[in-house]
Amino acid sequence: MRRTPVQAKAFETAYCLSSEAAALLHAGSTAALPLSPEESAFCAGLAVPKRRLDWLAGRIAAKRALAAYFRQERGSAPALEELVILNEPDGRPYCPFPGAPVFSLSHCSLGAVGAAGRDGRLVGADWETLALRDARVLEMFVHESERSAALGRSALLQTRLWASKEAVLKLLGVGLACDPRDVRLAPDLSLHAAALARFRELGSPRITLSEELRQDSIIVIAVTGD
């Protein structure tokens, strides 16, 4: 595993802050948002305000990442409303627009991030605010080999570990259907059980982790290749 600053060489990233999404929702009809008619109808039908806000921020961030990808690859990008984002039966997002790459999205209280893989790369993204986890929560995702004296009192280490696992599981396309403890990061990235089986199905690609600290939060992008 190698950690580097988040960059746009192997993937494109884009953001939508919660404040921006809230302003867009407050401005008026969902028809004015950068969404397809179907997406607008879905957004309008979300009854819980926080759910609507998170959904919209995630869609905009992902669409912006896809648009950045097309600008790099083709010199121009479709309008955001053309980059419709759908979900596979297992929940994974995809874009049916011709030539759209694999992408991932994540949101937290600050907003949402989207990441689109370049050159056919798989990608997984996670954005988490820094926080200490309850001991019972730690038991659910920390493997014995990852425990250290610092882990129990460092919000950064705990959140980095969680975000890294989440990003890798998204890249593998299994999400939290797989035990997070099957992804281990001490001293280096290693996969086990169901995560390893899926990794082998994908051809055992090299996985690199990039991270960015941002306003008491951490963004981790997992991408295949160098």
# chains A, B, ... in the order shown; residues from 1 in each chain; ligands from 1

$ select_by_dssp --residues "segment 13-217 of chain A" --states "strand (DSSP E or B)" --output "number ranges by chain"
A: 13-17, 86-87, 93-94, 103-108, 111-117, 123-129, 183-184, 190-191, 207-213, 217

$ residues_around --residues "Ile207 of chain A" --least-positions-apart "3" --cutoff "12 Å" --atoms "only C-alpha atoms" --output "number ranges by chain"
A: 1-3, 10, 121-124, 164-165, 167-169, 171-172, 183, 185, 188-191, 199, 202-204, 210, 221-226

$ residues_around --residues "Phe141 of chain A" --least-positions-apart "6" --cutoff "10 Å" --atoms "only C-alpha atoms" --output "ChimeraX atom specification"
/A:158,161-162,165-166,179-184

$ write_last_selection --atoms "N, CA and C atoms" --output "mmCIF file, in the first residue's frame"
data_model
loop_
_atom_site.group_PDB
_atom_site.id
_atom_site.type_symbol
_atom_site.label_atom_id
_atom_site.label_comp_id
_atom_site.auth_asym_id
_atom_site.auth_seq_id
_atom_site.Cartn_x
_atom_site.Cartn_y
_atom_site.Cartn_z
ATOM 1 N N GLN A 158 -8.052 6.353 13.929
ATOM 2 C CA GLN A 158 -9.275 5.553 13.839
ATOM 3 C C GLN A 158 -10.050 5.880 12.566
ATOM 4 N N LEU A 161 -8.260 4.687 9.402
ATOM 5 C CA LEU A 161 -8.388 3.245 9.229
ATOM 6 C C LEU A 161 -9.754 2.893 8.659
ATOM 7 N N TRP A 162 -10.808 3.486 9.239
ATOM 8 C CA TRP A 162 -12.158 3.213 8.757
ATOM 9 C C TRP A 162 -12.333 3.664 7.308
ATOM 10 N N LYS A 165 -10.516 1.401 4.790
ATOM 11 C CA LYS A 165 -11.215 0.131 4.580
ATOM 12 C C LYS A 165 -12.451 0.329 3.708
ATOM 13 N N GLU A 166 -13.205 1.389 4.003
ATOM 14 C CA GLU A 166 -14.411 1.662 3.228
ATOM 15 C C GLU A 166 -14.074 1.912 1.760
ATOM 16 N N ASP A 179 -16.947 -8.197 5.573
ATOM 17 C CA ASP A 179 -16.444 -7.858 6.902
ATOM 18 C C ASP A 179 -15.268 -6.888 6.764
ATOM 19 N N PRO A 180 -15.348 -5.671 7.342
ATOM 20 C CA PRO A 180 -14.229 -4.720 7.240
ATOM 21 C C PRO A 180 -12.922 -5.275 7.791
ATOM 22 N N ARG A 181 -12.996 -6.229 8.687
ATOM 23 C CA ARG A 181 -11.771 -6.805 9.248
ATOM 24 C C ARG A 181 -11.037 -7.682 8.244
ATOM 25 N N ASP A 182 -11.687 -7.987 7.118
ATOM 26 C CA ASP A 182 -11.010 -8.731 6.046
ATOM 27 C C ASP A 182 -10.113 -7.835 5.216
ATOM 28 N N VAL A 183 -10.210 -6.515 5.422
ATOM 29 C CA VAL A 183 -9.281 -5.553 4.833
ATOM 30 C C VAL A 183 -8.394 -5.061 5.966
ATOM 31 N N ARG A 184 -7.101 -5.344 5.893
ATOM 32 C CA ARG A 184 -6.186 -4.996 6.988
ATOM 33 C C ARG A 184 -5.085 -4.089 6.464
#

$ residues_around --residues "segment 97-108 of chain A" --least-positions-apart "4" --cutoff "7 Å" --atoms "only C-alpha atoms" --output "PyMOL selection string"
chain A and resi 54+58+62+83+112-117+120+122-129

$ write_last_selection --atoms "N, CA and C atoms" --output "PDB file, in the first residue's frame"
ATOM      1  N   ASP A  54     -27.978  14.904   1.455  1.00  0.00           N
ATOM      2  CA  ASP A  54     -26.852  14.002   1.198  1.00  0.00           C
ATOM      3  C   ASP A  54     -26.912  13.437  -0.212  1.00  0.00           C
ATOM      4  N   GLY A  58     -24.082  14.159  -3.087  1.00  0.00           N
ATOM      5  CA  GLY A  58     -23.379  13.024  -3.677  1.00  0.00           C
ATOM      6  C   GLY A  58     -23.523  12.980  -5.181  1.00  0.00           C
ATOM      7  N   ALA A  62     -20.389  13.494  -7.822  1.00  0.00           N
ATOM      8  CA  ALA A  62     -20.069  12.434  -8.781  1.00  0.00           C
ATOM      9  C   ALA A  62     -20.174  12.936 -10.215  1.00  0.00           C
ATOM     10  N   LEU A  83     -25.452  13.401 -17.401  1.00  0.00           N
ATOM     11  CA  LEU A  83     -24.681  12.353 -16.730  1.00  0.00           C
ATOM     12  C   LEU A  83     -25.540  11.726 -15.638  1.00  0.00           C
ATOM     13  N   ALA A 112     -19.924  16.122  -0.058  1.00  0.00           N
ATOM     14  CA  ALA A 112     -19.721  14.868  -0.786  1.00  0.00           C
ATOM     15  C   ALA A 112     -18.518  14.985  -1.713  1.00  0.00           C
ATOM     16  N   VAL A 113     -17.890  13.850  -1.958  1.00  0.00           N
ATOM     17  CA  VAL A 113     -16.782  13.763  -2.889  1.00  0.00           C
ATOM     18  C   VAL A 113     -17.115  12.707  -3.936  1.00  0.00           C
ATOM     19  N   GLY A 114     -16.718  12.966  -5.171  1.00  0.00           N
ATOM     20  CA  GLY A 114     -16.843  11.982  -6.239  1.00  0.00           C
ATOM     21  C   GLY A 114     -15.465  11.723  -6.818  1.00  0.00           C
ATOM     22  N   ALA A 115     -15.190  10.488  -7.205  1.00  0.00           N
ATOM     23  CA  ALA A 115     -13.905  10.135  -7.816  1.00  0.00           C
ATOM     24  C   ALA A 115     -14.171   9.241  -9.017  1.00  0.00           C
ATOM     25  N   ALA A 116     -13.581   9.595 -10.155  1.00  0.00           N
ATOM     26  CA  ALA A 116     -13.744   8.826 -11.399  1.00  0.00           C
ATOM     27  C   ALA A 116     -12.392   8.281 -11.821  1.00  0.00           C
ATOM     28  N   GLY A 117     -12.302   6.973 -12.033  1.00  0.00           N
ATOM     29  CA  GLY A 117     -11.046   6.352 -12.417  1.00  0.00           C
ATOM     30  C   GLY A 117     -10.692   6.638 -13.866  1.00  0.00           C
ATOM     31  N   GLY A 120      -9.348   3.124 -17.285  1.00  0.00           N
ATOM     32  CA  GLY A 120      -9.988   1.874 -16.917  1.00  0.00           C
ATOM     33  C   GLY A 120      -9.762   1.437 -15.478  1.00  0.00           C
ATOM     34  N   LEU A 122     -10.264   0.932 -11.476  1.00  0.00           N
ATOM     35  CA  LEU A 122     -11.316   0.866 -10.476  1.00  0.00           C
ATOM     36  C   LEU A 122     -10.999   1.871  -9.385  1.00  0.00           C
ATOM     37  N   VAL A 123     -12.042   2.386  -8.746  1.00  0.00           N
ATOM     38  CA  VAL A 123     -11.824   3.421  -7.739  1.00  0.00           C
ATOM     39  C   VAL A 123     -12.868   3.286  -6.636  1.00  0.00           C
ATOM     40  N   GLY A 124     -12.475   3.646  -5.426  1.00  0.00           N
ATOM     41  CA  GLY A 124     -13.387   3.686  -4.287  1.00  0.00           C
ATOM     42  C   GLY A 124     -13.078   4.907  -3.452  1.00  0.00           C
ATOM     43  N   ALA A 125     -14.102   5.629  -3.004  1.00  0.00           N
ATOM     44  CA  ALA A 125     -13.889   6.876  -2.254  1.00  0.00           C
ATOM     45  C   ALA A 125     -14.637   6.837  -0.933  1.00  0.00           C
ATOM     46  N   ASP A 126     -14.029   7.452   0.091  1.00  0.00           N
ATOM     47  CA  ASP A 126     -14.732   7.637   1.357  1.00  0.00           C
ATOM     48  C   ASP A 126     -14.295   8.945   1.995  1.00  0.00           C
ATOM     49  N   TRP A 127     -15.257   9.682   2.551  1.00  0.00           N
ATOM     50  CA  TRP A 127     -15.009  10.959   3.220  1.00  0.00           C
ATOM     51  C   TRP A 127     -15.641  10.861   4.601  1.00  0.00           C
ATOM     52  N   GLU A 128     -14.824  11.019   5.633  1.00  0.00           N
ATOM     53  CA  GLU A 128     -15.283  10.880   7.008  1.00  0.00           C
ATOM     54  C   GLU A 128     -14.788  12.052   7.853  1.00  0.00           C
ATOM     55  N   THR A 129     -15.629  12.543   8.755  1.00  0.00           N
ATOM     56  CA  THR A 129     -15.185  13.536   9.731  1.00  0.00           C
ATOM     57  C   THR A 129     -14.404  12.819  10.826  1.00  0.00           C
TER      58      THR A 129
END

$ residues_around --residues "Ser40 of chain A" --least-positions-apart "2" --cutoff "12 Å" --atoms "only C-alpha atoms" --output "JSON, numbers by chain"
{"A": [25, 29, 30, 31, 32, 33, 34, 35, 36, 37, 38, 42, 43, 44, 45, 46, 52, 55, 56, 59, 81, 84, 85]}

$ write_last_selection --atoms "C-alpha atoms" --output "tab-separated table (two decimals), in the first residue's frame"
chain	number	residue	atom	x	y	z
A	25	LEU	CA	-32.45	23.08	-2.52
A	29	SER	CA	-37.76	23.65	-7.66
A	30	THR	CA	-35.64	20.52	-8.11
A	31	ALA	CA	-36.24	20.99	-11.85
A	32	ALA	CA	-33.59	23.73	-11.76
A	33	LEU	CA	-30.94	21.38	-10.35
A	34	PRO	CA	-28.30	19.69	-12.58
A	35	LEU	CA	-30.37	16.50	-12.63
A	36	SER	CA	-32.25	14.49	-15.22
A	37	PRO	CA	-36.07	14.59	-14.96
A	38	GLU	CA	-36.01	11.16	-13.33
A	42	PHE	CA	-36.51	11.06	-7.10
A	43	CYS	CA	-34.92	13.98	-5.22
A	44	ALA	CA	-38.28	15.68	-4.73
A	45	GLY	CA	-39.70	12.43	-3.37
A	46	LEU	CA	-37.14	12.09	-0.58
A	52	ARG	CA	-32.32	14.67	0.32
A	55	TRP	CA	-28.27	12.45	-1.97
A	56	LEU	CA	-28.06	15.72	-3.90
A	59	ARG	CA	-24.96	13.22	-7.13
A	81	GLU	CA	-28.03	16.65	-16.26
A	84	VAL	CA	-27.47	10.35	-15.15
A	85	ILE	CA	-26.40	8.28	-12.16

$ residues_around --residues "Pro89 of chain A" --least-positions-apart "4" --cutoff "12 Å" --atoms "only C-alpha atoms" --output "list in words"
Pro93, Tyr94 and Gly173 of chain A

$ closest_residue --among "A:Ala65, A:Arg71, A:Leu80, A:Gly111" --to "Ala21 of chain A" --atoms "only C-alpha atoms"
A:Gly111

$ closest_residue --among "A:Met140, A:Glu39, A:Ile60, A:Ala68" --to "Asn87 of chain A" --atoms "only C-alpha atoms"
A:Glu39

$ residues_around --residues "Arg160 of chain A" --least-positions-apart "3" --cutoff "8 Å" --atoms "only C-alpha atoms" --output "PDB file with all heavy atoms, in the first residue's frame"
ATOM      1  N   LEU A 156      -7.722  10.692  14.425  1.00  0.00           N
ATOM      2  CA  LEU A 156      -7.182  10.626  13.066  1.00  0.00           C
ATOM      3  C   LEU A 156      -6.887   9.188  12.669  1.00  0.00           C
ATOM      4  O   LEU A 156      -7.279   8.742  11.580  1.00  0.00           O
ATOM      5  CB  LEU A 156      -5.915  11.470  12.955  1.00  0.00           C
ATOM      6  CG  LEU A 156      -5.159  11.360  11.617  1.00  0.00           C
ATOM      7  CD1 LEU A 156      -6.054  11.751  10.454  1.00  0.00           C
ATOM      8  CD2 LEU A 156      -3.901  12.206  11.639  1.00  0.00           C
ATOM      9  N   LEU A 157      -6.202   8.441  13.531  1.00  0.00           N
ATOM     10  CA  LEU A 157      -5.857   7.065  13.183  1.00  0.00           C
ATOM     11  C   LEU A 157      -7.099   6.193  13.023  1.00  0.00           C
ATOM     12  O   LEU A 157      -7.195   5.388  12.102  1.00  0.00           O
ATOM     13  CB  LEU A 157      -4.928   6.468  14.248  1.00  0.00           C
ATOM     14  CG  LEU A 157      -3.508   7.028  14.305  1.00  0.00           C
ATOM     15  CD1 LEU A 157      -2.722   6.366  15.423  1.00  0.00           C
ATOM     16  CD2 LEU A 157      -2.801   6.839  12.972  1.00  0.00           C
ATOM     17  N   ALA A 163     -11.911   4.897   7.000  1.00  0.00           N
ATOM     18  CA  ALA A 163     -12.090   5.434   5.651  1.00  0.00           C
ATOM     19  C   ALA A 163     -11.310   4.624   4.625  1.00  0.00           C
ATOM     20  O   ALA A 163     -11.777   4.402   3.499  1.00  0.00           O
ATOM     21  CB  ALA A 163     -11.664   6.906   5.612  1.00  0.00           C
ATOM     22  N   SER A 164     -10.123   4.167   4.992  1.00  0.00           N
ATOM     23  CA  SER A 164      -9.311   3.370   4.068  1.00  0.00           C
ATOM     24  C   SER A 164      -9.990   2.041   3.764  1.00  0.00           C
ATOM     25  O   SER A 164     -10.041   1.597   2.607  1.00  0.00           O
ATOM     26  CB  SER A 164      -7.921   3.130   4.666  1.00  0.00           C
ATOM     27  OG  SER A 164      -7.228   4.343   4.858  1.00  0.00           O
ATOM     28  N   ILE A 218     -11.165  13.462   6.747  1.00  0.00           N
ATOM     29  CA  ILE A 218     -10.201  12.802   5.885  1.00  0.00           C
ATOM     30  C   ILE A 218     -10.917  12.191   4.690  1.00  0.00           C
ATOM     31  O   ILE A 218     -12.008  11.612   4.834  1.00  0.00           O
ATOM     32  CB  ILE A 218      -9.387  11.732   6.641  1.00  0.00           C
ATOM     33  CG1 ILE A 218      -8.275  11.176   5.772  1.00  0.00           C
ATOM     34  CG2 ILE A 218     -10.288  10.626   7.184  1.00  0.00           C
ATOM     35  CD1 ILE A 218      -7.275  10.310   6.519  1.00  0.00           C
ATOM     36  N   VAL A 220     -10.248   9.497   1.621  1.00  0.00           N
ATOM     37  CA  VAL A 220      -9.372   8.438   1.142  1.00  0.00           C
ATOM     38  C   VAL A 220      -9.914   7.931  -0.190  1.00  0.00           C
ATOM     39  O   VAL A 220     -11.105   7.629  -0.308  1.00  0.00           O
ATOM     40  CB  VAL A 220      -9.259   7.271   2.141  1.00  0.00           C
ATOM     41  CG1 VAL A 220      -8.368   6.173   1.575  1.00  0.00           C
ATOM     42  CG2 VAL A 220      -8.700   7.754   3.483  1.00  0.00           C
TER      43      VAL A 220
END

$ atom_distance --atom1 "atom CA of Glu20 of chain A" --atom2 "atom CA of Glu212 of chain A"
20.6 Å

$ atom_distance --atom1 "atom CA of Pro205 of chain A" --atom2 "atom CA of His192 of chain A"
14.8 Å

$ atom_distance --atom1 "atom CA of Arg64 of chain A" --atom2 "atom CA of Ser76 of chain A"
12.6 Å
